[in-house]
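Before any comments, here is the structure.
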Amino acid sequence: MRRVERDVRWRGRAPRGSATHQPAVTTGSLNRMTAVFAAAGLLAALAGCSGSGAPSEGQSADQTGSAPPAGELLVFAAASLSSTFTEIGERFEASHPGSAVEFNFAGSTDLVAQLQQGAPADVFASADASTMDRAASDDLLSGTPTVFATNTMMIAVPPDNPAGIAGFADLARPGVQVVVCAPEVPCGSATQRVEANTGVSLDPVSEESSVTDVLNKAATGEADAGVVYVTDVQGSAGRVMGIEIPADVNTVNSYPIAVLAGSAVPGLAQQFQAMVTGPEGRKVLADAGFGAP
Amino acid sequence: MPRSGSPAQPPRLDLPGWVFAPAAVGMLFVALPLAAMLTRVDWADFLSLITSESSRTALLLSLRTSTVATGLCVVLGVPMALVLARARFRGQDLLRSLVLLPLVLPPVVAGIALLYTFGRRGLLGHSLEVAGLQVAFSTTAVVMAQTFVAMPFLVVSLEGALRTFGRRYESVAATLGASPTTVLRRVTLPLMAPALASGAVLSFARALGEFGATITFAGSLQGTTRTLPLEIYLQRESDPDAAVALSLVLIVVSMLVIGLARRSASRL
């Protein structure tokens with residue numbers, strides 16, 4: 001199991017390792033040419049820092065038709081899925097001998113941007129519907145997305161709860177330092193919906209770009225409270241205490257998954273998606289606090 | 001090649017030709033991403049993108065905080081450089097490494113370190129709160145983060161300059177009866193002026209681009225802590241065109257600052 005976190009693997013997967021660096025050197029001394037090749041080699045080395053370590057073409061050709069489809073799968077998934085998808089990936093590799101699953105975990109918006117720039121991936125799992133819609137409208141998907149999990153909001157406070165927060169209304173008390181996600185990111189728009197549902201309008205001391213930053217500010221006691229996803233509290237291993245937001249005023253965020261149009265192994269990608277949406281994936285996700293679709 | 005015999009005219013030194021190839025690759029490596037970004041600028045909406053309220057607020061906040069941070073760097077960094085370059089004491093090398101550490105430290109680490117020092121539950125946080133000072137989520141926190149990461153640039157420039165001058169002018173002044181303060185004021189500081197100018201500009205540019213320590217330590221709120229780099233990072237989520245336009249503004253401002261400083265430094 002290789003778990004790779006990096007921006008983009010720019011080199012396509014088709015003819016692996018066939019680096020064709022042919023700098024156009026028309027004139028010049030031998031010295032000059034050596035230098036150019038050395039420089040090109042340096043660039044190639046830089047590019048190769050994201051080393052693929054992929055199985056060679058011959059290896060996958062050895063597979064017979066009867067065996068389950070083998071190959072390398074690259075899954076782009078929202079950062080909030082990193083622990084659950086890593087576990088699902090391990091299970092997938094165990095039940096699909098010869099397959100290898102790699103992950104690129106990042107913010108959903110970053111992932112779509114990378115896909116739009118031609119990053120070669122097989123499966124995309126996003127943290128909200130609107131990001132997936134953006135991928136769909138750019139014809140990046142091969143099928144229709146399936147919602148495989150949901151997440152709701154929760155208040156995170158430092159374990160000793162210094163401000164004595166008991167419910168969402170307490171967050172608006174004067175002197176309470178509350179941190180939320182900025183409205184521009186999915187967790188921030190979810191927080192705004194909770195504000196609208198409860199009629200409590202917050203005056204945050206900070207609007208963070210990522211839910212992890214909100215969680216950390218609550219965990220370190222820098223803030224008295226933060227509004228995060230239920231799964232963040234569950235995954236924090238006691239660094240924060242969670243305070244529930246009642247279901248009737250809470251908001252549900254859905255996580256869609258889809259096979260990408262550019263996938264070189266669509267069959268395998270389909271099987272991975274089936275595992276995520278099936279009972280096995282369901283169990284891993286439920287253990288982490290994700291709700292059923 | 002005939003060599004010039006006149007001692008007044010030293011022989012012209014040519015660079016070996018092969019140096020140019022890697023130099024060109026290096027320049028392309030730096031210039032190409034900037035050019036690529038230029039191709040993505042939405043020129044039709046450029047003005048409205050960069051003059052939106054959030055953009056203007058972020059730019060003004062950045063300029064304000066970076067200016068204050070540069071001032072702090074000068075006030076604290078000049079004495080530090082003097083002590084490191086002129087004084088002799090045990091542990092000086094260790095101290096120098098510590099002062100320069102933020103140069104190589106990932107800014108996020110700087111932010112975490114500041115949080116554990118000045119945060120509400122940090123080393124000094126409680127004492128500060130008792131004194132009625134709350135650093136968390138304030139513009140002060142932004143200035144502190146910027147000062148922390150920018151100061152070494154000033155100290156490095158000044159210390160290098162001080163070592164290059166040597167002590168001969170200062171010694172002469174002292175033997176003529178000048179007090180240490182007079183020597184510092186009339187000899188050392190004027191000698192340092194060009195290095196101080198370029199060091200201050202480097203610090204300003206570094207403070208202007210500061211992101212990691214700020215987002216970790218100060219948070220992000222429009223008008224209070226959301227500087228231009230933080231605004232760019234946030235806009236990228238919802239409006240990539242605005243992010244590109246603002247990035248261009250940041251680049252232009254940085255280049256203006258560096259260009260102006262080089263000109264004024266060469267006049268000093």
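All residue names refer to the structure tokens as shown: chains lettered A, B, ... in order, residues numbered from 1 in each chain, ligands numbered from 1 in order.
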
### Query
Within 7 Å of chain A, which residues of chain B show up when using only C-alpha atoms, listed as a PyMOL selection string?
chain B and resi 17-18+21-22+25+119-121+136-137+219-221+234+237-238

Export of prior selection with N, CA, C and O atoms as a PDB file, in the first residue's frame:
ATOM      1  N   GLY B  17      31.605  30.139 -21.494  1.00  0.00           N
ATOM      2  CA  GLY B  17      30.331  30.081 -22.200  1.00  0.00           C
ATOM      3  C   GLY B  17      29.327  29.121 -21.592  1.00  0.00           C
ATOM      4  O   GLY B  17      28.127  29.393 -21.551  1.00  0.00           O
ATOM      5  N   TRP B  18      29.841  28.024 -21.037  1.00  0.00           N
ATOM      6  CA  TRP B  18      28.894  27.007 -20.563  1.00  0.00           C
ATOM      7  C   TRP B  18      28.093  27.451 -19.354  1.00  0.00           C
ATOM      8  O   TRP B  18      27.087  26.839 -19.015  1.00  0.00           O
ATOM      9  N   ALA B  21      24.203  28.420 -20.122  1.00  0.00           N
ATOM     10  CA  ALA B  21      23.106  27.471 -20.320  1.00  0.00           C
ATOM     11  C   ALA B  21      22.353  27.181 -19.023  1.00  0.00           C
ATOM     12  O   ALA B  21      21.133  27.369 -18.960  1.00  0.00           O
ATOM     13  N   PRO B  22      23.043  26.738 -17.948  1.00  0.00           N
ATOM     14  CA  PRO B  22      22.285  26.511 -16.711  1.00  0.00           C
ATOM     15  C   PRO B  22      21.680  27.800 -16.166  1.00  0.00           C
ATOM     16  O   PRO B  22      20.588  27.764 -15.577  1.00  0.00           O
ATOM     17  N   VAL B  25      18.464  28.225 -17.946  1.00  0.00           N
ATOM     18  CA  VAL B  25      17.457  27.286 -17.431  1.00  0.00           C
ATOM     19  C   VAL B  25      16.917  27.788 -16.097  1.00  0.00           C
ATOM     20  O   VAL B  25      15.714  27.783 -15.851  1.00  0.00           O
ATOM     21  N   GLY B 119       0.087  32.625  22.464  1.00  0.00           N
ATOM     22  CA  GLY B 119      -1.314  32.230  22.398  1.00  0.00           C
ATOM     23  C   GLY B 119      -1.952  32.294  23.778  1.00  0.00           C
ATOM     24  O   GLY B 119      -1.272  32.459  24.792  1.00  0.00           O
ATOM     25  N   ARG B 120      -3.271  32.152  23.826  1.00  0.00           N
ATOM     26  CA  ARG B 120      -3.980  32.299  25.105  1.00  0.00           C
ATOM     27  C   ARG B 120      -3.490  31.294  26.136  1.00  0.00           C
ATOM     28  O   ARG B 120      -3.520  31.549  27.322  1.00  0.00           O
ATOM     29  N   ARG B 121      -3.086  30.087  25.667  1.00  0.00           N
ATOM     30  CA  ARG B 121      -2.589  29.098  26.612  1.00  0.00           C
ATOM     31  C   ARG B 121      -1.091  28.904  26.465  1.00  0.00           C
ATOM     32  O   ARG B 121      -0.533  27.896  26.877  1.00  0.00           O
ATOM     33  N   ALA B 136      -4.230  36.984  20.548  1.00  0.00           N
ATOM     34  CA  ALA B 136      -4.918  36.035  19.671  1.00  0.00           C
ATOM     35  C   ALA B 136      -5.915  36.731  18.755  1.00  0.00           C
ATOM     36  O   ALA B 136      -6.699  37.567  19.201  1.00  0.00           O
ATOM     37  N   PHE B 137      -5.862  36.390  17.484  1.00  0.00           N
ATOM     38  CA  PHE B 137      -6.805  36.874  16.473  1.00  0.00           C
ATOM     39  C   PHE B 137      -6.799  38.387  16.309  1.00  0.00           C
ATOM     40  O   PHE B 137      -7.778  38.972  15.894  1.00  0.00           O
ATOM     41  N   GLY B 219      -4.957  33.726  12.546  1.00  0.00           N
ATOM     42  CA  GLY B 219      -6.295  33.494  12.030  1.00  0.00           C
ATOM     43  C   GLY B 219      -6.543  34.306  10.776  1.00  0.00           C
ATOM     44  O   GLY B 219      -5.607  34.853  10.180  1.00  0.00           O
ATOM     45  N   SER B 220      -7.803  34.404  10.376  1.00  0.00           N
ATOM     46  CA  SER B 220      -8.128  35.046   9.120  1.00  0.00           C
ATOM     47  C   SER B 220      -9.489  35.717   9.227  1.00  0.00           C
ATOM     48  O   SER B 220     -10.510  35.052   9.219  1.00  0.00           O
ATOM     49  N   LEU B 221      -9.478  37.044   9.380  1.00  0.00           N
ATOM     50  CA  LEU B 221     -10.736  37.789   9.433  1.00  0.00           C
ATOM     51  C   LEU B 221     -10.552  39.082   8.666  1.00  0.00           C
ATOM     52  O   LEU B 221      -9.575  39.803   8.885  1.00  0.00           O
ATOM     53  N   LEU B 234      -7.879  32.227   0.095  1.00  0.00           N
ATOM     54  CA  LEU B 234      -9.314  32.014   0.289  1.00  0.00           C
ATOM     55  C   LEU B 234     -10.080  32.177  -1.020  1.00  0.00           C
ATOM     56  O   LEU B 234     -10.953  31.367  -1.345  1.00  0.00           O
ATOM     57  N   GLU B 237     -10.587  29.367  -3.474  1.00  0.00           N
ATOM     58  CA  GLU B 237     -11.641  28.384  -3.240  1.00  0.00           C
ATOM     59  C   GLU B 237     -12.883  28.694  -4.065  1.00  0.00           C
ATOM     60  O   GLU B 237     -13.534  27.789  -4.578  1.00  0.00           O
ATOM     61  N   SER B 238     -13.233  29.987  -4.136  1.00  0.00           N
ATOM     62  CA  SER B 238     -14.525  30.323  -4.725  1.00  0.00           C
ATOM     63  C   SER B 238     -14.376  31.076  -6.034  1.00  0.00           C
ATOM     64  O   SER B 238     -15.225  30.965  -6.900  1.00  0.00           O
TER      65      SER B 238
END

### Message
Residues within 6 Å of region 81-95 of chain B, please, as a ChimeraX atom specification. Count only C-alpha atoms; anything in the same chain fewer than 2 positions from it doesn't count.
### Response
/B:78-79,97-98,155,158-159

Could you please take those selected residues and save N, CA and C atoms as a tab-separated table (two decimals), in the first residue's frame?
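Here's the written file part_10.tsv:
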chain	number	residue	atom	x	y	z
B	78	VAL	N	18.70	46.00	14.23
B	78	VAL	CA	19.97	46.73	14.17
B	78	VAL	C	20.81	46.46	15.42
B	79	PRO	N	20.23	46.60	16.63
B	79	PRO	CA	21.03	46.25	17.81
B	79	PRO	C	21.48	44.79	17.81
B	97	SER	N	22.84	31.33	15.29
B	97	SER	CA	22.04	30.31	14.63
B	97	SER	C	20.57	30.45	15.02
B	98	LEU	N	20.32	30.73	16.28
B	98	LEU	CA	18.93	30.86	16.74
B	98	LEU	C	18.24	32.03	16.06
B	155	VAL	N	18.92	41.17	9.86
B	155	VAL	CA	20.11	40.88	10.67
B	155	VAL	C	21.24	40.35	9.78
B	158	LEU	N	22.79	43.20	7.66
B	158	LEU	CA	23.58	44.14	8.46
B	158	LEU	C	24.85	43.50	8.99
B	159	GLU	N	24.73	42.27	9.47
B	159	GLU	CA	25.90	41.64	10.07
B	159	GLU	C	26.98	41.44	9.01

### Task
Write out as a list of chain:residue names each polymer residue whose atoms come within 12 Å of Thr146 (chain A), counting only C-alpha atoms; drop sequence neighbours fewer than 2 positions from it.
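Contacts, with the query itself left out: A:Val123, A:Phe124, A:Ala125, A:Ser126, A:Asp128, A:Ala129, A:Met132, A:Asp133, A:Leu141, A:Gly143, A:Thr144, A:Phe148, A:Ala149, A:Thr150, A:Ser254, A:Tyr255, A:Pro256, A:Ile257, A:Ala258, A:Val259, A:Gln270, A:Gln273, A:Ala274, A:Val276, A:Thr277, A:Gly278, A:Pro293.
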
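Of the listed residues (A:Ala135, A:Gly281, A:Val230, A:Val75), A:Ala135 comes nearest to Gln117 (chain A); the distances count only C-alpha atoms.
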
Applying 10 Å and only C-alpha atoms, which residues near Ala264 (chain A) remain after dropping the ones on its own chain fewer than 4 positions away? List them as a PDB file with N, CA and C atoms, in the first residue's frame.
ATOM      1  N   ARG A  13       0.032   8.373 -17.648  1.00  0.00           N
ATOM      2  CA  ARG A  13       0.335   7.018 -17.255  1.00  0.00           C
ATOM      3  C   ARG A  13       0.581   6.118 -18.449  1.00  0.00           C
ATOM      4  N   ALA A  14       0.243   6.561 -19.651  1.00  0.00           N
ATOM      5  CA  ALA A  14       0.306   5.642 -20.793  1.00  0.00           C
ATOM      6  C   ALA A  14       1.707   5.051 -21.060  1.00  0.00           C
ATOM      7  N   GLY A  71      -4.114  -3.589 -11.491  1.00  0.00           N
ATOM      8  CA  GLY A  71      -3.543  -2.353 -11.988  1.00  0.00           C
ATOM      9  C   GLY A  71      -3.443  -1.341 -10.885  1.00  0.00           C
ATOM     10  N   GLU A  72      -3.015  -0.178 -11.302  1.00  0.00           N
ATOM     11  CA  GLU A  72      -2.799   0.877 -10.316  1.00  0.00           C
ATOM     12  C   GLU A  72      -3.934   1.877 -10.389  1.00  0.00           C
ATOM     13  N   LEU A  73      -4.481   2.195  -9.231  1.00  0.00           N
ATOM     14  CA  LEU A  73      -5.628   3.083  -9.157  1.00  0.00           C
ATOM     15  C   LEU A  73      -5.207   4.359  -8.444  1.00  0.00           C
ATOM     16  N   PRO A 120      -3.918  12.969 -14.072  1.00  0.00           N
ATOM     17  CA  PRO A 120      -4.497  11.676 -14.417  1.00  0.00           C
ATOM     18  C   PRO A 120      -4.973  10.947 -13.163  1.00  0.00           C
ATOM     19  N   ALA A 121      -6.274  10.806 -13.009  1.00  0.00           N
ATOM     20  CA  ALA A 121      -6.811  10.105 -11.854  1.00  0.00           C
ATOM     21  C   ALA A 121      -7.951   9.220 -12.307  1.00  0.00           C
ATOM     22  N   ASP A 122      -8.327   8.250 -11.452  1.00  0.00           N
ATOM     23  CA  ASP A 122      -9.361   7.281 -11.822  1.00  0.00           C
ATOM     24  C   ASP A 122     -10.681   7.513 -11.091  1.00  0.00           C
ATOM     25  N   LEU A 260     -13.718   8.761 -13.069  1.00  0.00           N
ATOM     26  CA  LEU A 260     -13.344   9.852 -13.964  1.00  0.00           C
ATOM     27  C   LEU A 260     -13.258   9.389 -15.411  1.00  0.00           C
ATOM     28  N   LEU A 268     -11.663  -1.300 -12.799  1.00  0.00           N
ATOM     29  CA  LEU A 268     -11.136  -1.312 -11.442  1.00  0.00           C
ATOM     30  C   LEU A 268     -11.674  -0.122 -10.644  1.00  0.00           C
ATOM     31  N   ALA A 269     -11.744   1.036 -11.320  1.00  0.00           N
ATOM     32  CA  ALA A 269     -12.257   2.236 -10.664  1.00  0.00           C
ATOM     33  C   ALA A 269     -13.693   2.021 -10.214  1.00  0.00           C
TER      34      ALA A 269
END

Contacts of region 191-202 of chain A at 10 Å (only C-alpha atoms; same-chain gap of 3+ positions) as a short mmCIF file (atom, residue, chain, number, x, y, z; two decimals) with N, CA and C atoms, in the first residue's frame:
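Output contents, as saved in result-v3.cif:
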data_model
loop_
_atom_site.label_atom_id
_atom_site.label_comp_id
_atom_site.auth_asym_id
_atom_site.auth_seq_id
_atom_site.Cartn_x
_atom_site.Cartn_y
_atom_site.Cartn_z
N THR A 152 -22.55 16.03 9.30
CA THR A 152 -23.28 17.15 9.89
C THR A 152 -22.33 17.99 10.71
N MET A 153 -22.81 19.12 11.18
CA MET A 153 -21.94 20.05 11.90
C MET A 153 -22.01 19.81 13.40
N MET A 154 -20.95 20.20 14.07
CA MET A 154 -20.86 20.04 15.52
C MET A 154 -20.02 21.18 16.07
N PHE A 168 -25.58 25.96 20.58
CA PHE A 168 -25.19 26.88 19.52
C PHE A 168 -25.41 28.34 19.92
N ALA A 169 -26.49 28.61 20.69
CA ALA A 169 -26.79 30.00 21.08
C ALA A 169 -25.68 30.59 21.93
N ASP A 170 -24.99 29.73 22.70
CA ASP A 170 -23.90 30.23 23.56
C ASP A 170 -22.76 30.84 22.76
N LEU A 171 -22.64 30.43 21.49
CA LEU A 171 -21.53 30.92 20.67
C LEU A 171 -21.66 32.41 20.40
N ALA A 172 -22.89 32.94 20.50
CA ALA A 172 -23.10 34.35 20.21
C ALA A 172 -22.97 35.22 21.46
N ARG A 173 -22.71 34.58 22.63
CA ARG A 173 -22.55 35.36 23.87
C ARG A 173 -21.37 36.30 23.73
N VAL A 178 -15.20 32.65 19.01
CA VAL A 178 -15.59 31.51 18.18
C VAL A 178 -14.93 31.63 16.80
N VAL A 179 -14.47 30.49 16.30
CA VAL A 179 -13.80 30.42 15.01
C VAL A 179 -14.64 29.55 14.09
N VAL A 180 -14.83 29.99 12.84
CA VAL A 180 -15.61 29.22 11.88
C VAL A 180 -14.84 29.12 10.57
N CYS A 181 -15.37 28.35 9.63
CA CYS A 181 -14.81 28.33 8.28
C CYS A 181 -15.34 29.54 7.52
N ALA A 182 -14.56 30.05 6.58
CA ALA A 182 -15.00 31.17 5.75
C ALA A 182 -16.16 30.71 4.86
N PRO A 183 -17.11 31.60 4.57
CA PRO A 183 -18.27 31.22 3.75
C PRO A 183 -17.88 30.68 2.37
N PRO A 186 -16.77 24.90 1.77
CA PRO A 186 -17.98 24.13 2.09
C PRO A 186 -18.36 24.15 3.57
N CYS A 187 -17.39 23.99 4.48
CA CYS A 187 -17.78 23.94 5.90
C CYS A 187 -18.29 25.30 6.37
N GLY A 188 -17.84 26.38 5.70
CA GLY A 188 -18.31 27.70 6.07
C GLY A 188 -19.74 27.95 5.61
N VAL A 205 -14.13 35.46 15.55
CA VAL A 205 -12.86 36.18 15.59
C VAL A 205 -11.98 35.79 14.42
N VAL A 227 -16.82 25.74 14.88
CA VAL A 227 -17.87 24.94 14.27
C VAL A 227 -17.23 24.06 13.20
N VAL A 228 -17.32 22.74 13.39
CA VAL A 228 -16.64 21.79 12.50
C VAL A 228 -17.60 20.66 12.13
N TYR A 229 -17.09 19.67 11.37
CA TYR A 229 -17.89 18.50 11.06
C TYR A 229 -17.85 17.51 12.23
N ILE A 245 -25.28 19.84 17.76
CA ILE A 245 -26.24 20.80 17.23
C ILE A 245 -27.47 19.97 16.88
N PRO A 246 -28.65 20.29 17.44
CA PRO A 246 -29.84 19.45 17.22
C PRO A 246 -30.13 19.23 15.74
N ASP A 248 -32.76 19.15 13.97
CA ASP A 248 -33.74 19.98 13.27
C ASP A 248 -33.16 21.32 12.81
N VAL A 249 -32.04 21.75 13.40
CA VAL A 249 -31.42 22.99 12.93
C VAL A 249 -30.07 22.72 12.26
N ASN A 250 -29.65 21.46 12.27
CA ASN A 250 -28.35 21.12 11.67
C ASN A 250 -28.48 21.07 10.15
N THR A 251 -27.37 20.89 9.49
CA THR A 251 -27.38 20.83 8.04
C THR A 251 -26.59 19.60 7.59
N VAL A 252 -27.00 19.02 6.48
CA VAL A 252 -26.37 17.78 6.03
C VAL A 252 -25.53 18.04 4.79
#

### Task
Could you check how far CA of His96 (chain A) sits from CA of Gly262 (chain A), in Å to one decimal?
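Taking CA of His96 (chain A) and CA of Gly262 (chain A), their separation equals 21.6 Å.
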
### Message
Please list as a list of chain:residue names every residue within 6 Å of Thr214 (chain B), counting only C-alpha atoms and excluding residues in the same chain fewer than 3 positions away.
### Response
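Final neighbour list, sorted by chain and number: B:Val142, B:Ala145, B:Phe211, B:Phe217, B:Ala218.
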
#### Entry: Spatial neighbours of Ala69 (chain B), max dist 9 Å, only C-alpha atoms, sep filter under 3 positions, as a count of residues only
18

#### Entry: Every residue of region 10-259 of chain B that DSSP places in helix (DSSP H, G or I), as a ChimeraX atom specification
/B:17-39,43-50,53-86,92-104,107-118,125-130,139-165,168-175,180-209,212-217,228-238,240-259
